[in-house]
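Q: To be precise about what I am sending: the file is called coords-v6.txt and holds compact mmCIF, C-alpha atoms and all ligand atoms.
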# COMPACT_ATOMS: atom_id res chain seq x y z
CA MET A 1 21.43 7.90 -2.13
CA ALA A 2 19.07 10.81 -1.59
CA LEU A 3 19.38 13.58 -4.17
CA GLN A 4 19.05 17.23 -3.38
CA GLY A 5 16.82 19.67 -5.26
CA LYS A 6 13.78 17.53 -6.13
CA GLY A 7 10.71 16.95 -4.02
CA PHE A 8 11.48 13.99 -1.82
CA VAL A 9 8.40 12.06 -2.98
CA ASP A 10 9.97 11.81 -6.44
CA GLU A 11 12.86 9.97 -4.86
CA MET A 12 10.57 7.71 -2.86
CA ARG A 13 8.71 6.89 -6.06
CA MET A 14 11.89 6.23 -8.01
CA VAL A 15 13.14 3.73 -5.45
CA ALA A 16 9.73 2.04 -5.33
CA MET A 17 9.39 1.77 -9.11
CA LYS A 18 12.73 -0.04 -9.40
CA LEU A 19 11.51 -2.65 -6.94
CA HIS A 20 8.67 -3.68 -9.23
CA THR A 21 9.22 -6.42 -11.77
CA ARG A 22 8.93 -5.61 -15.48
CA GLU A 23 5.76 -7.69 -15.51
CA GLN A 24 4.24 -5.40 -12.85
CA ALA A 25 5.23 -1.99 -14.17
CA ARG A 26 7.16 -0.59 -17.10
CA GLU A 27 9.68 1.10 -14.83
CA GLY A 28 10.28 -2.12 -12.89
CA GLU A 29 13.77 -3.63 -12.71
CA LYS A 30 13.43 -6.51 -10.27
CA GLU A 31 13.62 -10.11 -11.36
CA VAL A 32 10.45 -12.18 -10.86
CA LYS A 33 10.74 -14.49 -7.85
CA GLY A 34 7.32 -14.98 -6.24
CA PRO A 35 4.07 -15.74 -8.12
CA GLU A 36 2.65 -12.36 -7.06
CA GLU A 37 5.44 -10.69 -9.03
CA ARG A 38 4.16 -12.06 -12.34
CA SER A 39 1.75 -10.12 -14.51
CA ILE A 40 -1.72 -10.12 -12.93
CA SER A 41 -3.20 -11.52 -16.14
CA LYS A 42 -1.29 -14.72 -15.32
CA TRP A 43 -2.73 -14.94 -11.80
CA ASN A 44 -5.16 -17.64 -10.74
CA PRO A 45 -6.82 -15.98 -7.76
CA THR A 46 -9.27 -17.67 -5.39
CA VAL A 47 -12.09 -16.01 -3.44
CA ASP A 48 -10.78 -17.46 -0.17
CA GLY A 49 -7.30 -16.14 -0.90
CA TYR A 50 -8.63 -12.74 -1.91
CA LEU A 51 -10.68 -12.56 1.29
CA ARG A 52 -7.57 -13.31 3.32
CA PHE A 53 -5.77 -10.55 1.41
CA LEU A 54 -8.56 -8.07 2.25
CA VAL A 55 -8.61 -9.05 5.93
CA GLU A 56 -4.82 -8.76 6.28
CA SER A 57 -4.76 -5.48 4.35
CA LYS A 58 -7.37 -4.12 6.75
CA SER A 59 -5.07 -4.91 9.69
CA VAL A 60 -2.40 -2.71 8.12
CA TYR A 61 -4.80 0.15 7.35
CA ASP A 62 -6.25 -0.12 10.88
CA ALA A 63 -2.74 0.31 12.26
CA LEU A 64 -1.78 3.20 9.94
CA GLU A 65 -5.04 5.02 10.52
CA GLY A 66 -4.98 4.45 14.28
CA ILE A 67 -1.42 5.77 14.52
CA VAL A 68 -1.99 9.02 12.63
CA ASP A 69 -5.12 9.64 14.69
CA LYS A 70 -3.06 10.08 17.84
CA PRO A 71 -2.46 13.75 18.62
CA ASP A 72 1.00 13.04 20.03
CA PHE A 73 2.13 11.44 16.76
CA PRO A 74 4.56 13.63 14.77
CA TYR A 75 2.80 15.37 11.88
CA TYR A 76 -0.41 13.54 12.72
CA ALA A 77 -2.50 16.48 11.53
CA GLU A 78 -0.84 16.34 8.09
CA LEU A 79 -1.24 12.61 7.63
CA ARG A 80 -4.79 12.43 8.91
CA ASN A 81 -7.94 12.81 6.81
CA THR A 82 -6.10 12.49 3.52
CA GLY A 83 -9.22 10.99 1.97
CA LEU A 84 -7.18 7.87 1.14
CA GLU A 85 -8.15 5.98 4.34
CA ARG A 86 -9.28 2.42 3.57
CA SER A 87 -10.19 0.78 6.85
CA GLU A 88 -13.87 1.65 6.93
CA ARG A 89 -14.41 0.71 3.31
CA LEU A 90 -12.68 -2.63 3.76
CA GLY A 91 -14.99 -3.23 6.73
CA LYS A 92 -17.98 -2.69 4.42
CA ASP A 93 -16.55 -5.08 1.83
CA LEU A 94 -16.06 -7.79 4.43
CA GLU A 95 -19.72 -7.32 5.46
CA TRP A 96 -20.71 -7.74 1.82
CA PHE A 97 -18.79 -11.02 1.57
CA LYS A 98 -20.46 -12.17 4.78
CA GLY A 99 -23.85 -11.37 3.26
CA GLN A 100 -22.90 -13.54 0.28
CA GLY A 101 -22.37 -16.46 2.64
CA TYR A 102 -18.57 -16.42 2.91
CA GLY A 103 -16.87 -17.04 6.25
CA ILE A 104 -14.56 -14.14 7.09
CA PRO A 105 -11.19 -15.37 8.37
CA GLY A 106 -9.69 -13.70 11.44
CA PRO A 107 -6.58 -11.59 10.91
CA SER A 108 -3.65 -13.71 11.95
CA GLY A 109 -1.19 -13.62 9.08
CA PRO A 110 1.21 -11.26 7.31
CA GLY A 111 -0.99 -8.16 7.77
CA VAL A 112 -0.84 -8.54 11.53
CA ASN A 113 2.96 -8.94 11.39
CA TYR A 114 3.22 -5.87 9.24
CA ALA A 115 0.88 -3.86 11.49
CA CYS A 116 3.07 -4.72 14.51
CA TYR A 117 6.19 -3.65 12.68
CA ILE A 118 4.61 -0.34 11.60
CA GLN A 119 3.39 0.29 15.14
CA GLU A 120 6.91 -0.22 16.42
CA LEU A 121 8.38 2.19 13.84
CA SER A 122 5.76 4.81 14.63
CA GLU A 123 7.05 4.94 18.19
CA LYS A 124 10.73 5.27 17.41
CA ASP A 125 11.52 5.85 13.75
CA PHE A 126 9.40 8.39 11.92
CA PRO A 127 11.40 8.40 8.62
CA ALA A 128 10.98 4.64 8.28
CA PHE A 129 7.31 4.89 9.27
CA LEU A 130 6.71 7.48 6.55
CA CYS A 131 8.18 5.16 3.93
CA HIS A 132 5.63 2.48 4.78
CA PHE A 133 2.81 5.01 4.97
CA TYR A 134 3.65 6.32 1.48
CA ASN A 135 4.16 2.95 -0.15
CA PHE A 136 1.10 1.27 1.30
CA TYR A 137 -1.32 4.01 0.25
CA PHE A 138 0.24 4.73 -3.14
CA ALA A 139 0.67 1.07 -4.07
CA HIS A 140 -3.03 0.56 -3.53
CA THR A 141 -4.02 3.42 -5.83
CA ALA A 142 -1.66 2.23 -8.60
CA GLY A 143 -1.11 -1.53 -8.84
CA GLY A 144 -3.83 -2.11 -6.24
CA ARG A 145 -6.53 -0.81 -8.54
CA ILE A 146 -5.30 -2.95 -11.41
CA ILE A 147 -5.43 -5.96 -9.09
CA GLY A 148 -8.97 -5.06 -7.97
CA LYS A 149 -10.25 -4.84 -11.52
CA LYS A 150 -8.57 -7.99 -12.82
CA VAL A 151 -9.42 -10.11 -9.79
CA ALA A 152 -13.05 -8.93 -9.78
CA GLY A 153 -13.24 -9.87 -13.46
CA LYS A 154 -11.83 -13.32 -12.83
CA ILE A 155 -13.67 -14.39 -9.67
CA LEU A 156 -16.23 -11.81 -8.48
CA ASN A 157 -18.40 -11.21 -11.50
CA ASN A 158 -16.86 -7.73 -11.85
CA LYS A 159 -18.15 -6.64 -8.42
CA ASP A 160 -16.83 -3.14 -7.60
CA LEU A 161 -15.61 -3.31 -4.03
CA GLU A 162 -15.64 -0.26 -1.74
CA PHE A 163 -11.88 -0.76 -1.32
CA TYR A 164 -11.47 0.68 -4.82
CA LYS A 165 -13.73 3.72 -4.38
CA TRP A 166 -12.82 7.13 -3.04
CA ASP A 167 -14.94 10.15 -2.15
CA GLY A 168 -13.75 12.98 -4.31
CA GLU A 169 -11.01 13.28 -6.89
CA LEU A 170 -8.38 10.60 -6.26
CA LYS A 171 -5.74 12.35 -8.33
CA GLN A 172 -6.06 15.49 -6.25
CA MET A 173 -5.95 13.57 -2.96
CA LEU A 174 -2.75 11.83 -4.06
CA GLN A 175 -1.20 15.14 -5.05
CA ASN A 176 -2.19 16.69 -1.71
CA LEU A 177 -0.46 13.85 0.11
CA ARG A 178 2.64 14.16 -2.06
CA ASP A 179 2.77 17.88 -1.22
CA LYS A 180 2.41 17.15 2.49
CA ILE A 181 5.18 14.55 2.44
CA ASN A 182 7.44 16.94 0.53
CA LYS A 183 6.75 19.59 3.18
CA ILE A 184 7.31 17.23 6.12
CA THR A 185 10.62 15.99 4.70
CA LEU A 186 11.95 19.39 3.67
CA GLY A 187 14.05 19.78 6.80
CA TRP A 188 15.29 16.18 6.90
CA THR A 189 19.00 15.45 6.91
CA MET A 190 20.55 13.31 4.17
CA GLU A 191 20.81 10.48 6.73
CA GLU A 192 17.09 10.64 7.50
CA LYS A 193 16.23 10.67 3.80
CA ASN A 194 18.48 7.75 2.99
CA HIS A 195 17.15 5.83 5.95
CA CYS A 196 13.59 6.40 4.72
CA LEU A 197 14.47 5.29 1.16
CA GLU A 198 16.29 2.21 2.41
CA GLU A 199 13.11 1.05 4.10
CA THR A 200 11.32 0.72 0.73
CA GLU A 201 12.58 -2.79 0.14
CA ARG A 202 11.10 -3.94 3.43
CA SER A 203 7.83 -2.32 2.51
CA PHE A 204 7.75 -4.39 -0.71
CA LYS A 205 8.61 -7.52 1.21
CA TYR A 206 5.76 -7.10 3.72
CA SER A 207 3.26 -6.09 1.02
CA GLY A 208 4.37 -9.00 -1.16
CA ASP A 209 3.60 -11.41 1.68
CA ILE A 210 0.07 -10.00 1.83
CA LEU A 211 -0.40 -9.93 -1.96
CA ARG A 212 0.65 -13.56 -2.27
CA LEU A 213 -2.42 -14.55 -0.23
CA ILE A 214 -4.60 -13.75 -3.25
CA LEU A 215 -3.03 -16.71 -5.00
CA SER A 216 -3.31 -19.10 -2.04
C1 LIG A 301 3.31 2.52 -9.06
C2 LIG A 301 1.94 -1.83 -10.58
C3 LIG A 301 2.98 -3.72 -6.27
C4 LIG A 301 4.35 0.67 -4.72
C5 LIG A 301 2.93 1.49 -9.85
C6 LIG A 301 2.63 1.61 -11.27
C7 LIG A 301 2.22 0.40 -11.69
C8 LIG A 301 2.28 -0.51 -10.56
C9 LIG A 301 1.75 0.02 -13.09
C10 LIG A 301 2.80 2.86 -12.11
C11 LIG A 301 1.66 3.79 -11.93
C12 LIG A 301 1.87 5.05 -12.76
O1 LIG A 301 2.83 5.77 -12.59
O2 LIG A 301 1.03 5.29 -13.60
C13 LIG A 301 2.05 -2.70 -9.53
C14 LIG A 301 1.64 -4.09 -9.57
C15 LIG A 301 1.94 -4.62 -8.35
C16 LIG A 301 2.54 -3.57 -7.56
C17 LIG A 301 0.97 -4.76 -10.75
C18 LIG A 301 1.74 -6.01 -7.81
C19 LIG A 301 1.04 -6.93 -8.38
C20 LIG A 301 3.49 -2.71 -5.49
C21 LIG A 301 3.98 -2.87 -4.14
C22 LIG A 301 4.35 -1.63 -3.70
C23 LIG A 301 4.11 -0.69 -4.78
C24 LIG A 301 4.05 -4.19 -3.38
C25 LIG A 301 4.91 -1.22 -2.39
C26 LIG A 301 4.50 -1.67 -1.24
C27 LIG A 301 4.13 1.55 -5.74
C28 LIG A 301 4.35 2.99 -5.65
C29 LIG A 301 4.05 3.52 -6.91
C30 LIG A 301 3.65 2.39 -7.74
C31 LIG A 301 4.81 3.76 -4.43
C32 LIG A 301 4.09 4.98 -7.34
C33 LIG A 301 2.69 5.54 -7.35
C34 LIG A 301 2.56 6.98 -7.79
O3 LIG A 301 3.53 7.65 -8.04
O4 LIG A 301 1.42 7.44 -7.87
N1 LIG A 301 2.72 0.18 -9.45
N2 LIG A 301 2.59 -2.42 -8.30
N3 LIG A 301 3.59 -1.38 -5.84
N4 LIG A 301 3.69 1.23 -6.99
FE1 LIG A 301 3.18 -0.59 -7.65
Will you turn the file into structure tokens for me?
Ligand code: HEM
A:
Amino acid sequence: MALQGKGFVDEMRMVAMKLHTREQAREGEKEVKGPEERSISKWNPTVDGYLRFLVESKSVYDALEGIVDKPDFPYYAELRNTGLERSERLGKDLEWFKGQGYGIPGPSGPGVNYACYIQELSEKDFPAFLCHFYNFYFAHTAGGRIIGKKVAGKILNNKDLEFYKWDGELKQMLQNLRDKINKITLGWTMEEKNHCLEETERSFKYSGDILRLILS
């Protein structure tokens, strides 16, 4: 249930943290089911799997960034140019892998499914869309960065991918986005807030399907 009085992002975060496992984050409460829910130090990633993860992640960022670029999209100006955009950087990383002799798989898996779902929400359900927008960008700057570091150490000779670099102060960019989301949601009804929070579980499900590719 949505609480009144706090910035809404605090509530979004609280719901998200509970959906982690204890192995993923200290605040996690979920029981481990899939291999991607175990501690990353126990992962056995493969380069092919990681490449698939990057390709599918790019499909989702392409969708998110294409949607907020449209001037008829609600609050597009607020959600655009946050500095957190990842599509272009992922494109550079895929070029780097190509230069190293790896074949880049086409996007055809869980990222494409997720992108379609997000596209659909963007046209008819802004509160649910915002849940996915928040979770996808914030997950990448929290657990995502831990994954990047550990996986690079295990299989990429510690290569620093562009995916894990930002222009400017990341902390400030995250805070700016939190402030914008708090502002956007200020006038939401309790129903809209609860609807947005209830979507978090689906966001974890879709992201989990993409994460699992790293271990395939
Ligand atoms: C925050 C780990 C997957 C969404 C965090 C934090 C950790 C973490 C350690 C706490 C950061 C902090 O407050 O200092 C992980 C790991 C994951 C994972 C290891 C998988 C291997 C996910 C997924 C989602 C997600 C699948 C949702 C799609 C979030 C969000 C936050 C968070 C929204 C809050 C970020 C913030 O407040 O700045 N995660 N996470 N995480 N995670 Fe995850």
Q: With all atoms listed in the file counted, collect every polymer residue having an atom within 7 Å of ligand LIG 301 (chain A); state the result as a list in words.
A: Arg13, Ala16, Met17, His20, Gln24, Ala25, Arg26, Glu36, Glu37, Ser39, Ile40, Tyr134, Asn135, Phe136, Phe138, Ala139, Ala142, Gly143, Gly144, Ile146, Ile147, Ser203, Phe204, Ser207 and Gly208 of chain A
Q: CA of Asp160 (chain A) to CA of Glu88 (chain A): how many Å, to one decimal?
A: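 So the two atoms, CA of Asp160 (chain A) and CA of Glu88 (chain A), lie 15.6 Å apart.
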Q: Compile the contact shell of Arg80 (chain A) as a list of chain:residue names: residues with an atom at most 10 Å away, counting only C-alpha atoms, same-chain residues fewer than 2 positions apart removed.
A: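 In the requested form, the answer reads A:Leu64, A:Glu65, A:Gly66, A:Ile67, A:Val68, A:Asp69, A:Lys70, A:Tyr75, A:Tyr76, A:Ala77, A:Glu78, A:Thr82, A:Gly83, A:Leu84, A:Glu85, A:Leu177.
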Q: What does the distance between CA of Glu29 (chain A) and CA of Leu211 (chain A) come to in Å, to one decimal place?
A: 18.9 Å
Q: Find the residues near Glu123 (chain A): any atom within 12 Å, counting only C-alpha atoms, skip ones fewer than 2 places away on the same chain, and give them as a list in words.
A: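 Within the cut-off, the hits are Ile67, Val68, Lys70, Asp72, Phe73, Pro74, Cys116, Tyr117, Ile118, Gln119, Glu120, Leu121, Asp125, Phe126, Pro127, Ala128, Phe129 and Leu130 of chain A.
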Q: Rounded to one decimal place, report the CA of His140 (chain A)-CA of Met14 (chain A) distance in Å.
A: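 For CA of His140 (chain A) relative to CA of Met14 (chain A), the distance reads 16.6 Å.
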Q: If we count all atoms listed in the file, what is near region 46-63 of chain A at a cut-off of 6 Å, once residues fewer than 6 positions away on the same chain are taken out, given as an MDAnalysis selection string?
A: chainID A and resid 87 107 111:112 115 210 213:216
Q: With region 183-194 of chain A as the partner and 9 Å as the cut-off, tabulate the residues of region 6-71 of chain A that qualify, each row holding the nearest pair of atoms and their distance in Å to one decimal, using all atoms listed in the file, sorted by chain and rising number, as CSV.
A:
residue,atom,partner,partner_atom,distance
A:Gly7,CA,A:Leu186,CA,8.2
A:Phe8,CA,A:Thr185,CA,6.9
A:Val9,CA,A:Thr185,CA,8.9
Q: Which residues, protein or nucleic acid, reach to within 6 Å of (12.1, 8.5, 1.5) in the file's coordinates when using all atoms listed in the file, and can you give that as JSON, numbers by chain?
A: {"A": [12, 131, 193, 196, 197]}
Q: Could you name the residues that touch Glu162 (chain A) at 6 Å or less, counting all atoms listed in the file, but leaving out those on the same chain fewer than 2 positions away, as a ChimeraX atom specification?
A: /A:89,164-165
